[in-house]
Amino acid sequence: MISNRFLLACAAVAAPAASAAQDGVDALIDRAVTPLSDALSAAIFYEIPLPFIDQGIPFIVLWLVFAGLFFTFYFGFINLRALKHAFKLVRGDFTPPEAAGEVTHFQALATALSGTVGLGNIAGVALAVSLGGPGATFWMIVAGLFSMSTKFAECTLGVKYRNEYADGTVSGGPMYYLSKGLAEEWPALAGVGKVLAIVFSVFCIGASAGAGTMFQTNQAFSQLINVTGGAESPLAGYGWLFGLIVAVIVGLVIIGGIKSIARVTEKIVPIMAVVYVSAGFLIIGINIELLPAAFAAIISGAFQPEGIYGGFFGVLIMGFRRAAFSNEAGVGSAAIAHSAVRTDRPVTEGLVALYEPFIDTVVVCTITALVIIITGSLDPTGQIAGVELTSRAFGSVFDWFPLVLLLAVLMFAFSTVISWSYYGLKAFTYLFGEGQRTELIFKAMVLAAVVLGSSINLASVMNFADAMILAMSVPNLIGVYLLTPVVKRELTAYWSDYKAGRLKTYR
Amino acid sequence: MKRFLVGIDGSDCGDRAISVAAAQARAADAELVICYVIAWSPYTFSTPQENAERHRRREEELEAAHSKLLEPRVAGLKASGMAVEGVARHGHPVRTLVKLAEEKDVDVIVIGRSGDTPLKTRMFGGTAAGLVQSAPMPVLVVP
């Protein structure tokens with residue numbers, strides 16, 4: 001039964017892929033998508049002009065950074081004051097032993113992290129540093145610290161308003177707090193909540209297929225080509241084959257339900273992350289005498305940047321932008337992943353989620369930036385950027401590193417596809433109802449996106465994907481703003497219990 | 001009244017441990033606790049799909065452990081007139097057994113040395129060794 005269904009899905013994927021390999025279809029899709037893509041991108045990336053300088057700040061960057069600032073102040077710097085307590089929660093100090101076998105705080109955090117840690121940390125930082133200079137790192141860290149508060153708010157709501165079904169499964173995320181939460185808290189806005197939930201779900205499906213799937217396989221394949229010899233690579237032109245292989249593996253996991261593959265990846269992903277971070281620390285350690293100068297370059301670059309990097313605001317916007325793109329705070333995706341945790345205090349999962357932007361942006365991104373700066377790999381002409389720059393920086397110390405980086409990129413891409421296919425699925429079933437048939441239709445679409453992503457190069461589709469993922473933050477954050485009183489209530493009650501020693505510890 | 005704890009893994013060796021424990025318990029007029037530990041760690045990585053279904057699977061795992069492994073064995077011993085209890089728990093085998101032993105204040109832990117597959121032998125061989133090293137009460141290892 002399962003294998004039959006799986007074969008059917010594979011056949012459904014192979015058919016469009018074979019024809020898409022021809023140029024005609026590329027151009028056709030391009031023409032169809034371009035007007036839509038342009039309209040959405042124009043709205044999302046609309047540059048709000050700033051006085052006195054000739055540069056604007058993209059609407060979506062302002063939207064996400066403002067949210068981070070607002071929630072940080074509204075919750076009294078929860079991002080800093082709760083870190084120690086959140087660590088104890090992750091460690092399981094407050095988890096009763098009867099809950100053994102349920103989803104722990106650690107597992108929910110790890111699952112959410114494997115959806116966000118990826119190309120953004122490796123390629124995004126390199127892009128920020130090559131376009132904005134060392135100073136961009138500073139603003140990236142600042143934005144990362146503020147966005148922790150945004151994650152706190154959305155993940156608390158994700159758990160609070162999740163659905164728990166009779167069969168013991170759960171499903172949560174922005175679509176549920178937008179519809180259920182707003183209806184409970186603001187009865188007059190129940191209709192608005194429903195609309196926001198639908199808009200969010202539509203964007204989430206688009207982001208799942210685009211940024212979560214097509215972009216991932218596309219970048220993974222291009223890194224494979226880079227490492228195997230660039231344009232002369234024997235693999236060049238075989239993107240469709242790469243896509244088919246990946247689609248079969250992804251299909252085995254999400255349709256065939258083969259747990260072992262997912263389990264292997266879920267083991268390799270943290271190992272890759274540890275290897276990446278340790279290699280970074282090692283390089284910094286070897287060149288420890290250069291560290292003060294690197295920090296000096298980051299600080300002075302942040303406040304008095306060299307002219308080529310676009311002045312103070314140019315550097316600031318570049319840092320903010322990469323942080324927003326890398327940790328997905330405010331997008332709402334993490335609220336879906338975190339909602340499966342087993343807890344009767346939703347706010348605890350929000351506190352645990354503080355660590356997501358912290359690890360993703362503050363730790364991993366800073367290491368990448370420091371390695372690039374310390375090894376002197378920064379190319380002043382800006383010719384080498386993205387994954388290539390990171391690869392060059394790490395490769396200048398360990399010549400075998402580009403291969404490890406390739407494996408890391410492949411693994412991160414795979415786990416991001418698995419995570420995002422689930423986020424998209426939840427949005428899809430929210431719109432069209434739960435059921436085997438609906439799920440299968442969506443999963444077949446994901447497999448098609450896997451093949452399309454690596455076999456065709458459509459700039460318009462990629463732009464569309466980028467705009468879609470950030471567009472999710474518009475309905476999501478409107479809802480989170482309206483529901484902040486709920487989060488505040490939960491936090492106040494919990495924090496006073498904690499301070500008064502009314503929380504039971506089990507360690 | 002004395003109390004003995006026996007850890008099982010569904011293998012023949014686990015059953016040998018039960019028969020040794022039962023004979024000893026009978027001689028000492030002790031009651032018997034049979035425990036099956038479902039290997040689980042709070043620090044593993046899983047997909048979002050697995051997390052969403054985790055609570056249901058946990059219930060299914062406990063149900064299967066009781067109906068397939070514990071109840072048949074408990075019923076057999078009860079029929080012979082012993083006081084027996086079956087417990088299924090998630091966790092690290094050694095730590096979970098030690099914790100249960102402390103909770104129930106047992107006098108001896110009885111454990112088999114090997115499992116029914118090479119992998120399980122490694123895991124449960126490890127369990128016997130781990131118990132010998134960390135249990136605060138005597139441990140009887142059954143070959």
# chains A, B, ... in the order shown; residues from 1 in each chain; ligands from 1
$ closest_atom_pairs --of "chain B" --to "chain A" --cutoff "10 Å" --atoms "only C-alpha atoms" --output "Markdown table"
| residue | atom | partner | partner_atom | distance |
| --- | --- | --- | --- | --- |
| B:Ile38 | CA | A:Gly101 | CA | 8.5 |
| B:Ala39 | CA | A:Gly101 | CA | 8.9 |
| B:Trp40 | CA | A:Gly101 | CA | 6.3 |
| B:Ser41 | CA | A:Gly101 | CA | 7.7 |
| B:Pro42 | CA | A:Thr104 | CA | 5.9 |
| B:Tyr43 | CA | A:Phe106 | CA | 6.0 |
| B:Thr44 | CA | A:Gln107 | CA | 6.3 |
| B:Phe45 | CA | A:Glu266 | CA | 5.5 |
| B:Ser46 | CA | A:Thr111 | CA | 6.1 |
| B:Thr47 | CA | A:Thr111 | CA | 6.0 |
| B:Pro48 | CA | A:Ala337 | CA | 5.8 |
| B:Gln49 | CA | A:Tyr422 | CA | 6.6 |
| B:Glu50 | CA | A:Lys259 | CA | 8.8 |
| B:Asn51 | CA | A:Ala340 | CA | 5.7 |
| B:Ala52 | CA | A:Ala340 | CA | 5.1 |
| B:Glu53 | CA | A:Thr169 | CA | 4.7 |
| B:Arg54 | CA | A:Glu102 | CA | 6.1 |
| B:His55 | CA | A:Gly168 | CA | 5.6 |
| B:Arg56 | CA | A:Gly168 | CA | 4.4 |
| B:Arg57 | CA | A:Gly168 | CA | 8.2 |
| B:Arg58 | CA | A:Gly101 | CA | 5.9 |
| B:Glu59 | CA | A:Gly168 | CA | 8.3 |
| B:Glu61 | CA | A:Gly101 | CA | 9.3 |
| B:Leu62 | CA | A:Gly101 | CA | 9.5 |
| B:Arg89 | CA | A:Ala100 | CA | 7.6 |
| B:His90 | CA | A:Gly101 | CA | 5.3 |
| B:Gly91 | CA | A:Ala100 | CA | 6.3 |
| B:His92 | CA | A:Ala100 | CA | 9.9 |
| B:Thr96 | CA | A:Pro97 | CA | 9.9 |
$ select_by_dssp --residues "chain B" --states "strand (DSSP E)" --output "ChimeraX atom specification"
/B:3-8,31-39,84-91,108-112,139-142
$ closest_residue --among "B:Leu140, B:Leu70, B:Val108, B:Leu100" --to "Lys2 of chain B" --atoms "only C-alpha atoms"
B:Val108
$ atom_distance --atom1 "atom CA of Leu447 of chain A" --atom2 "atom CA of Ala247 of chain A"
5.3 Å
$ select_by_dssp --residues "segment 272-382 of chain A" --states "helix (DSSP H, G or I)" --output "number ranges by chain"
A: 272-286, 288-303, 307-309, 311-327, 333-338, 346-353, 355-374
$ write_last_selection --atoms "C-alpha atoms" --output "short mmCIF file (atom, residue, chain, number, x, y, z; two decimals), in the first residue's frame"
data_model
loop_
_atom_site.label_atom_id
_atom_site.label_comp_id
_atom_site.auth_asym_id
_atom_site.auth_seq_id
_atom_site.Cartn_x
_atom_site.Cartn_y
_atom_site.Cartn_z
CA MET A 272 27.86 18.90 11.25
CA ALA A 273 26.88 21.91 13.33
CA VAL A 274 29.34 20.88 16.05
CA VAL A 275 32.12 20.27 13.48
CA TYR A 276 31.43 23.67 11.91
CA VAL A 277 31.46 25.53 15.23
CA SER A 278 34.53 23.65 16.54
CA ALA A 279 36.46 24.30 13.34
CA GLY A 280 35.55 27.97 13.74
CA PHE A 281 36.73 28.03 17.35
CA LEU A 282 39.94 26.22 16.36
CA ILE A 283 40.73 28.79 13.66
CA ILE A 284 40.01 31.62 16.09
CA GLY A 285 42.15 29.87 18.73
CA ILE A 286 45.12 29.41 16.37
CA ILE A 288 44.06 34.29 19.00
CA GLU A 289 46.45 37.26 18.70
CA LEU A 290 44.33 38.58 15.82
CA LEU A 291 41.08 38.41 17.82
CA PRO A 292 41.29 41.87 19.46
CA ALA A 293 41.96 43.44 16.08
CA ALA A 294 38.99 41.56 14.59
CA PHE A 295 36.68 42.83 17.35
CA ALA A 296 38.08 46.32 16.86
CA ALA A 297 37.31 46.06 13.14
CA ILE A 298 33.76 44.93 13.93
CA ILE A 299 33.13 47.79 16.39
CA SER A 300 34.76 50.55 14.38
CA GLY A 301 33.16 49.19 11.22
CA ALA A 302 29.78 49.39 12.91
CA PHE A 303 30.03 53.03 13.90
CA GLY A 307 33.01 54.64 2.54
CA ILE A 308 32.79 51.59 0.25
CA TYR A 309 30.36 49.85 2.61
CA GLY A 311 28.04 54.49 5.30
CA PHE A 312 26.64 53.99 8.80
CA PHE A 313 23.07 53.19 7.69
CA GLY A 314 24.22 50.98 4.83
CA VAL A 315 26.13 48.73 7.24
CA LEU A 316 23.35 48.80 9.82
CA ILE A 317 20.68 47.75 7.30
CA MET A 318 22.91 45.01 5.88
CA GLY A 319 23.42 43.53 9.37
CA PHE A 320 19.75 43.78 10.32
CA ARG A 321 18.68 42.27 7.03
CA ARG A 322 20.87 39.18 7.24
CA ALA A 323 19.81 38.57 10.86
CA ALA A 324 16.14 38.77 9.92
CA PHE A 325 16.64 36.36 7.01
CA SER A 326 18.70 33.90 9.02
CA ASN A 327 16.72 33.27 12.22
CA SER A 333 7.55 28.94 11.24
CA ALA A 334 9.17 28.22 14.62
CA ALA A 335 5.80 28.48 16.36
CA ILE A 336 4.71 25.42 14.36
CA ALA A 337 7.80 23.40 15.33
CA HIS A 338 7.74 24.37 19.01
CA PRO A 346 2.96 27.48 27.30
CA VAL A 347 5.33 30.24 28.36
CA THR A 348 8.07 27.70 29.17
CA GLU A 349 8.37 26.82 25.48
CA GLY A 350 8.55 30.52 24.62
CA LEU A 351 11.46 30.88 27.04
CA VAL A 352 13.20 27.86 25.51
CA ALA A 353 12.71 29.38 22.04
CA TYR A 355 17.83 30.13 22.44
CA GLU A 356 16.94 29.72 18.79
CA PRO A 357 18.01 33.16 17.50
CA PHE A 358 20.75 33.14 20.13
CA ILE A 359 22.37 29.98 18.77
CA ASP A 360 21.50 30.68 15.15
CA THR A 361 22.44 34.34 14.87
CA VAL A 362 24.48 35.37 17.89
CA VAL A 363 26.71 32.27 18.13
CA VAL A 364 26.95 30.59 14.71
CA CYS A 365 26.82 33.74 12.62
CA THR A 366 29.43 35.49 14.79
CA ILE A 367 31.81 32.56 14.43
CA THR A 368 31.44 32.60 10.65
CA ALA A 369 32.07 36.35 10.58
CA LEU A 370 35.11 36.13 12.88
CA VAL A 371 36.66 33.35 10.77
CA ILE A 372 36.17 35.39 7.59
CA ILE A 373 37.71 38.49 9.18
CA ILE A 374 40.59 36.74 11.00
#
$ residues_around --residues "Ala129 of chain B" --least-positions-apart "6" --cutoff "10 Å" --atoms "only C-alpha atoms" --output "VMD selection string"
chain B and resid 94 111 113 139 141
$ residues_around --residues "Val450 of chain A" --least-positions-apart "6" --cutoff "8 Å" --atoms "only C-alpha atoms" --output "MDAnalysis selection string"
chainID A and resid 213:214 217 243:244 246:247
$ residues_around --residues "segment 467-474 of chain A" --least-positions-apart "2" --cutoff "10 Å" --atoms "only C-alpha atoms" --output "CSV table (one decimal) with C-alpha atoms, in the first residue's frame"
chain,number,residue,atom,x,y,z
A,37,SER,CA,6.6,37.8,-8.1
A,38,ASP,CA,7.4,41.5,-8.9
A,39,ALA,CA,4.2,42.7,-7.3
A,40,LEU,CA,4.8,40.8,-4.0
A,41,SER,CA,8.6,41.7,-4.0
A,42,ALA,CA,7.8,45.3,-4.6
A,43,ALA,CA,5.5,45.4,-1.6
A,44,ILE,CA,7.6,43.4,0.8
A,45,PHE,CA,11.0,45.0,-0.1
A,60,ILE,CA,10.1,44.1,5.8
A,61,VAL,CA,13.4,44.8,7.7
A,63,TRP,CA,8.8,45.5,10.3
A,64,LEU,CA,10.9,42.7,11.8
A,174,PRO,CA,0.2,30.9,13.7
A,196,LEU,CA,-5.2,36.5,8.8
A,199,VAL,CA,-3.4,34.7,4.4
A,200,PHE,CA,-0.7,33.2,6.6
A,201,SER,CA,-1.4,29.7,5.4
A,202,VAL,CA,-1.2,30.7,1.7
A,203,PHE,CA,2.2,32.4,2.3
A,204,CYS,CA,3.4,29.5,4.3
A,205,ILE,CA,2.6,27.0,1.5
A,206,GLY,CA,4.4,29.3,-1.0
A,207,ALA,CA,7.4,29.6,1.4
A,208,SER,CA,7.4,25.9,2.0
A,209,ALA,CA,7.6,25.1,-1.8
A,210,GLY,CA,9.9,28.1,-2.5
A,211,ALA,CA,12.4,29.0,0.2
A,212,GLY,CA,11.9,25.8,2.1
A,324,ALA,CA,16.1,38.8,9.9
A,325,PHE,CA,16.6,36.4,7.0
A,328,GLU,CA,13.1,33.6,10.9
A,329,ALA,CA,12.0,35.3,14.1
A,330,GLY,CA,8.5,36.8,13.4
A,331,VAL,CA,7.9,34.6,10.4
A,332,GLY,CA,5.9,32.1,12.5
A,333,SER,CA,7.6,28.9,11.2
A,461,VAL,CA,10.6,31.9,-8.8
A,462,MET,CA,13.5,32.4,-6.3
A,463,ASN,CA,12.6,36.0,-5.7
A,464,PHE,CA,9.0,35.0,-5.2
A,465,ALA,CA,10.1,32.4,-2.7
A,476,ASN,CA,1.7,36.6,11.9
A,477,LEU,CA,3.0,39.7,13.7
A,478,ILE,CA,-0.3,41.5,13.4
A,479,GLY,CA,-1.8,38.6,15.4
A,480,VAL,CA,1.1,38.5,17.8
$ residues_around --residues "Ile18 of chain B" --least-positions-apart "6" --cutoff "9 Å" --atoms "only C-alpha atoms" --output "number ranges by chain"
B: 6-8, 34, 73, 110-112
$ atom_distance --atom1 "atom CA of Phe70 of chain A" --atom2 "atom CA of Thr484 of chain A"
10.5 Å
$ residues_around --residues "Ala135 of chain B" --least-positions-apart "3" --cutoff "7 Å" --atoms "only C-alpha atoms" --output "list of chain:residue names"
B:Val98, B:Leu131, B:Val132
$ write_last_selection --atoms "N, CA and C atoms" --output "PDB file, in the first residue's frame"
ATOM      1  N   VAL B  98      17.395   1.757  38.330  1.00  0.00           N
ATOM      2  CA  VAL B  98      17.890   2.163  39.652  1.00  0.00           C
ATOM      3  C   VAL B  98      16.852   3.041  40.344  1.00  0.00           C
ATOM      4  N   LEU B 131      24.268  -1.576  36.034  1.00  0.00           N
ATOM      5  CA  LEU B 131      23.582  -1.765  37.314  1.00  0.00           C
ATOM      6  C   LEU B 131      24.561  -2.192  38.396  1.00  0.00           C
ATOM      7  N   VAL B 132      25.459  -3.114  38.005  1.00  0.00           N
ATOM      8  CA  VAL B 132      26.450  -3.577  38.982  1.00  0.00           C
ATOM      9  C   VAL B 132      27.237  -2.388  39.512  1.00  0.00           C
TER      10      VAL B 132
END
$ closest_residue --among "B:Ala22, B:Tyr36, B:Ala28, B:Lys104" --to "Gly76 of chain B" --atoms "only C-alpha atoms"
B:Ala22
